[in-house]
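The structure under discussion appears below in the form of structure tokens.
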Amino acid sequence: MDSYEFAKHLRELMDELFSQLGEQQTLESESSGQVDVVTLLKFALKSEIEASELAGYWMPTTPEIDVKMTFAQQCGDEMRHYNLILERLGELGEDMSEYDPAAEGYSPLYHYLRGLRTTVERVAAGPFAREAVAEIRNAQFIEFCKSVGDLETARLYREIIHPEEIQHHRMGRQLLEKHALTEELQNLASAAVRSSLAIADELRTLTEKATGMHSIPVS
């Protein structure tokens, strides 16, 4: 399979999984059922800082310059999102002066992604798959914010955060099209996508039900 068809096929597989999601399923899975704006924004802080740290961690050991550039852009974007969300929580009356999003440790998905060694695995599981999940999660979050009357948080996501997460995914797809050129590399990328989807908090319930894949314990 050529790399363009391969990336298209991976996206179709993800879309098939995403189509089974309920209207708030990513939000419910992520927050263990505690669906409110403040709680979800705090979970988003953890997600943003993990994404930024991963991109920064991968840069020195990724030889391809175009991939380094993508990780660099993502690292900066995610930290900017973090700051915007932090400011929004302050506007909602939350005292965030001593808040530590990593106080309870990093997520299993973070540990899995940090352990990836090849460029195609990192691109497939990071910008390509993780940001595709973020795209779905953000779309559901925007609709939820609108439904509870928080139009300012909905605007923040609709106008800034959501479009940039979509762009991260598109860059990941372009990199797969460029670098996943052999069957061996495509197999590595496919496995990384499947594993990241199985571990992701937002898809935990769905992947267990639909595929039988359970979260992989990662220390």
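How things are named: the first chain in the structure tokens is A, the next is B, and so on; residues count from 1 in each chain; ligands count from 1 in the order shown.
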Restrict the calculation to only C-alpha atoms, then for each residue of range 45-110 of chain A with any atom at most 9 Å from an atom of range 127-133 of chain A give the closest atom pair and their distance in Å to one decimal, rows by chain and rising residue number, as a Markdown table.
```
| residue | atom | partner | partner_atom | distance |
| --- | --- | --- | --- | --- |
| A:Ala51 | CA | A:Arg130 | CA | 8.8 |
| A:Thr70 | CA | A:Pro127 | CA | 8.6 |
| A:Phe71 | CA | A:Pro127 | CA | 8.3 |
| A:Gln74 | CA | A:Pro127 | CA | 8.2 |
```
Counting only C-alpha atoms, what is within 9 Å of Leu27 in chain A, bar same-chain residues fewer than 5 positions away, as an mmCIF file with N, CA, C and O atoms, in the first residue's frame?
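And here is the file that came out, out_31.cif:
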```
data_model
loop_
_atom_site.group_PDB
_atom_site.id
_atom_site.type_symbol
_atom_site.label_atom_id
_atom_site.label_comp_id
_atom_site.auth_asym_id
_atom_site.auth_seq_id
_atom_site.Cartn_x
_atom_site.Cartn_y
_atom_site.Cartn_z
ATOM 1 N N SER A 32 -14.698 10.489 34.087
ATOM 2 C CA SER A 32 -15.379 9.453 34.886
ATOM 3 C C SER A 32 -16.800 9.882 35.252
ATOM 4 O O SER A 32 -17.277 9.650 36.358
ATOM 5 N N GLY A 33 -17.476 10.524 34.305
ATOM 6 C CA GLY A 33 -18.872 10.885 34.474
ATOM 7 C C GLY A 33 -19.127 12.252 35.067
ATOM 8 O O GLY A 33 -20.278 12.697 35.122
ATOM 9 N N GLN A 34 -18.091 12.954 35.505
ATOM 10 C CA GLN A 34 -18.271 14.272 36.116
ATOM 11 C C GLN A 34 -18.183 15.345 35.028
ATOM 12 O O GLN A 34 -17.166 16.015 34.856
ATOM 13 N N VAL A 35 -19.291 15.499 34.306
ATOM 14 C CA VAL A 35 -19.301 16.385 33.141
ATOM 15 C C VAL A 35 -19.756 17.781 33.542
ATOM 16 O O VAL A 35 -20.948 18.062 33.647
ATOM 17 N N LEU A 40 -13.887 19.638 33.275
ATOM 18 C CA LEU A 40 -13.362 19.287 31.960
ATOM 19 C C LEU A 40 -12.212 20.207 31.543
ATOM 20 O O LEU A 40 -11.263 19.761 30.892
ATOM 21 N N ARG A 137 -13.070 15.176 20.849
ATOM 22 C CA ARG A 137 -13.341 15.622 22.211
ATOM 23 C C ARG A 137 -13.694 17.107 22.237
ATOM 24 O O ARG A 137 -14.644 17.526 22.893
ATOM 25 N N GLN A 140 -17.184 17.835 20.916
ATOM 26 C CA GLN A 140 -18.208 17.517 21.913
ATOM 27 C C GLN A 140 -18.214 18.545 23.044
ATOM 28 O O GLN A 140 -19.280 18.931 23.542
ATOM 29 N N PHE A 141 -17.034 19.022 23.428
ATOM 30 C CA PHE A 141 -16.939 20.000 24.502
ATOM 31 C C PHE A 141 -17.560 21.330 24.093
ATOM 32 O O PHE A 141 -18.255 21.981 24.883
ATOM 33 N N GLU A 202 -10.359 9.231 26.753
ATOM 34 C CA GLU A 202 -11.591 9.649 26.099
ATOM 35 C C GLU A 202 -12.310 8.508 25.377
ATOM 36 O O GLU A 202 -13.507 8.578 25.134
#
```
query = Could you pull the residues within 7 Å of Ser3 in chain A, counting only C-alpha atoms, minus those fewer than 5 positions along the same chain, as a ChimeraX atom specification?
reply = /A:176-178,180-181
task = Determine, counting only C-alpha atoms, which protein, DNA and RNA residues have an atom within 6 Å of an atom of Ala154 in chain A; residues of the same chain fewer than 3 positions away are not included. Present the result as a list in words.
result = Ile142, Cys145, Leu151, Tyr157 and Arg158 of chain A
Can you write just those residues out, N, CA and C atoms, as a PDB file, in the first residue's frame?
```pdb
ATOM      1  N   ILE A 142     -17.338  21.749  22.861  1.00  0.00           N
ATOM      2  CA  ILE A 142     -17.947  22.993  22.373  1.00  0.00           C
ATOM      3  C   ILE A 142     -19.463  22.910  22.453  1.00  0.00           C
ATOM      4  N   CYS A 145     -20.567  23.073  26.117  1.00  0.00           N
ATOM      5  CA  CYS A 145     -20.488  24.437  26.658  1.00  0.00           C
ATOM      6  C   CYS A 145     -21.659  25.274  26.172  1.00  0.00           C
ATOM      7  N   LEU A 151     -20.885  30.397  26.656  1.00  0.00           N
ATOM      8  CA  LEU A 151     -20.550  30.732  25.282  1.00  0.00           C
ATOM      9  C   LEU A 151     -19.109  31.195  25.132  1.00  0.00           C
ATOM     10  N   TYR A 157     -12.655  27.606  22.421  1.00  0.00           N
ATOM     11  CA  TYR A 157     -12.343  26.350  21.745  1.00  0.00           C
ATOM     12  C   TYR A 157     -12.644  26.426  20.259  1.00  0.00           C
ATOM     13  N   ARG A 158     -13.778  26.988  19.904  1.00  0.00           N
ATOM     14  CA  ARG A 158     -14.183  27.021  18.490  1.00  0.00           C
ATOM     15  C   ARG A 158     -13.236  27.854  17.639  1.00  0.00           C
TER      16      ARG A 158
END
```
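Here CA of Ala124 in chain A stands at a distance of 21.2 Å from CA of Ala139 in chain A.
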query = Which one of A:Val123, A:Val37, A:Leu203, A:Leu10 sits closest to Met171 in chain A if you count only C-alpha atoms?
reply = A:Val123
ask   = Neighbours of Leu41 in chain A within 9 Å (only C-alpha atoms; same-chain residues fewer than 3 positions away dropped), as a ChimeraX atom specification?
value = /A:36-38,44-46,85-86,88-89
task = Identify, on the basis of only C-alpha atoms, every residue whose closest approach to His179 in chain A does not exceed 10 Å; exclude the query and any residue fewer than 5 positions from it along the same chain; express the result as a PyMOL selection string.
result = chain A and resi 3+64+67+119-120+123+173-174+185-186
Only N, CA and C atoms, please: the residues just picked out, written as an mmCIF file, in the first residue's frame.
```cif
data_model
loop_
_atom_site.group_PDB
_atom_site.id
_atom_site.type_symbol
_atom_site.label_atom_id
_atom_site.label_comp_id
_atom_site.auth_asym_id
_atom_site.auth_seq_id
_atom_site.Cartn_x
_atom_site.Cartn_y
_atom_site.Cartn_z
ATOM 1 N N SER A 3 1.931 5.167 0.703
ATOM 2 C CA SER A 3 1.800 5.880 1.978
ATOM 3 C C SER A 3 0.552 6.754 2.041
ATOM 4 N N GLU A 64 14.567 13.587 11.576
ATOM 5 C CA GLU A 64 13.990 14.270 10.418
ATOM 6 C C GLU A 64 13.617 15.715 10.773
ATOM 7 N N VAL A 67 9.882 16.694 10.794
ATOM 8 C CA VAL A 67 9.160 16.175 11.959
ATOM 9 C C VAL A 67 9.526 16.984 13.199
ATOM 10 N N THR A 119 10.312 7.316 14.437
ATOM 11 C CA THR A 119 9.607 8.528 13.994
ATOM 12 C C THR A 119 8.181 8.220 13.575
ATOM 13 N N VAL A 120 7.976 7.148 12.808
ATOM 14 C CA VAL A 120 6.609 6.876 12.336
ATOM 15 C C VAL A 120 5.680 6.516 13.490
ATOM 16 N N VAL A 123 4.831 9.918 15.209
ATOM 17 C CA VAL A 123 3.908 10.709 14.387
ATOM 18 C C VAL A 123 2.517 10.085 14.384
ATOM 19 N N ARG A 173 -0.767 13.634 9.530
ATOM 20 C CA ARG A 173 -1.116 12.833 8.352
ATOM 21 C C ARG A 173 -0.137 13.086 7.212
ATOM 22 N N GLN A 174 0.218 14.337 6.989
ATOM 23 C CA GLN A 174 1.178 14.657 5.929
ATOM 24 C C GLN A 174 2.536 13.996 6.179
ATOM 25 N N LEU A 185 7.371 -0.064 8.210
ATOM 26 C CA LEU A 185 7.054 1.205 8.868
ATOM 27 C C LEU A 185 5.548 1.378 9.035
ATOM 28 N N GLN A 186 4.789 0.950 8.066
ATOM 29 C CA GLN A 186 3.330 1.048 8.164
ATOM 30 C C GLN A 186 2.787 0.153 9.266
#
```
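Using only C-alpha atoms, the smallest distance between any of A:Glu184, A:Glu16, A:Glu159, A:Glu135 and Met1 in chain A comes from A:Glu184.
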message = DSSP on the backbone: which residues in chain A end up as alpha helix (DSSP H)? Give the answer as JSON, numbers by chain.
response = {"A": [3, 4, 5, 6, 7, 8, 9, 10, 11, 12, 13, 14, 15, 16, 17, 18, 25, 26, 27, 28, 29, 30, 37, 38, 39, 40, 41, 42, 43, 44, 45, 46, 47, 48, 49, 50, 51, 52, 53, 54, 55, 56, 57, 58, 65, 66, 67, 68, 69, 70, 71, 72, 73, 74, 75, 76, 77, 78, 79, 80, 81, 82, 83, 84, 85, 86, 87, 88, 89, 90, 91, 108, 109, 110, 111, 112, 113, 114, 119, 120, 121, 122, 123, 131, 132, 133, 134, 135, 136, 137, 138, 139, 140, 141, 142, 143, 144, 145, 146, 147, 151, 152, 153, 154, 155, 156, 162, 163, 164, 165, 166, 167, 168, 169, 170, 171, 172, 173, 174, 175, 176, 177, 178, 179, 183, 184, 185, 186, 187, 188, 189, 190, 191, 192, 193, 194, 195, 196, 197, 198, 199, 204, 205, 206, 207, 208, 209, 210, 211]}
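CA of Ala125 in chain A lies 10.3 Å from CA of His169 in chain A.
Distance annotation: of A:Thr153, A:Gly22, A:Glu50, A:Leu17, the residue with the minimal separation from Ala198 in chain A is A:Leu17; atom set is only C-alpha atoms.
Take CA of Ala7 in chain A and CA of Thr118 in chain A: the distance between them is 16.9 Å.
The closest residue to Thr62 in chain A, picked from A:Glu183, A:Glu23, A:Asp100, A:Glu121 and counting only C-alpha atoms, is A:Glu121.
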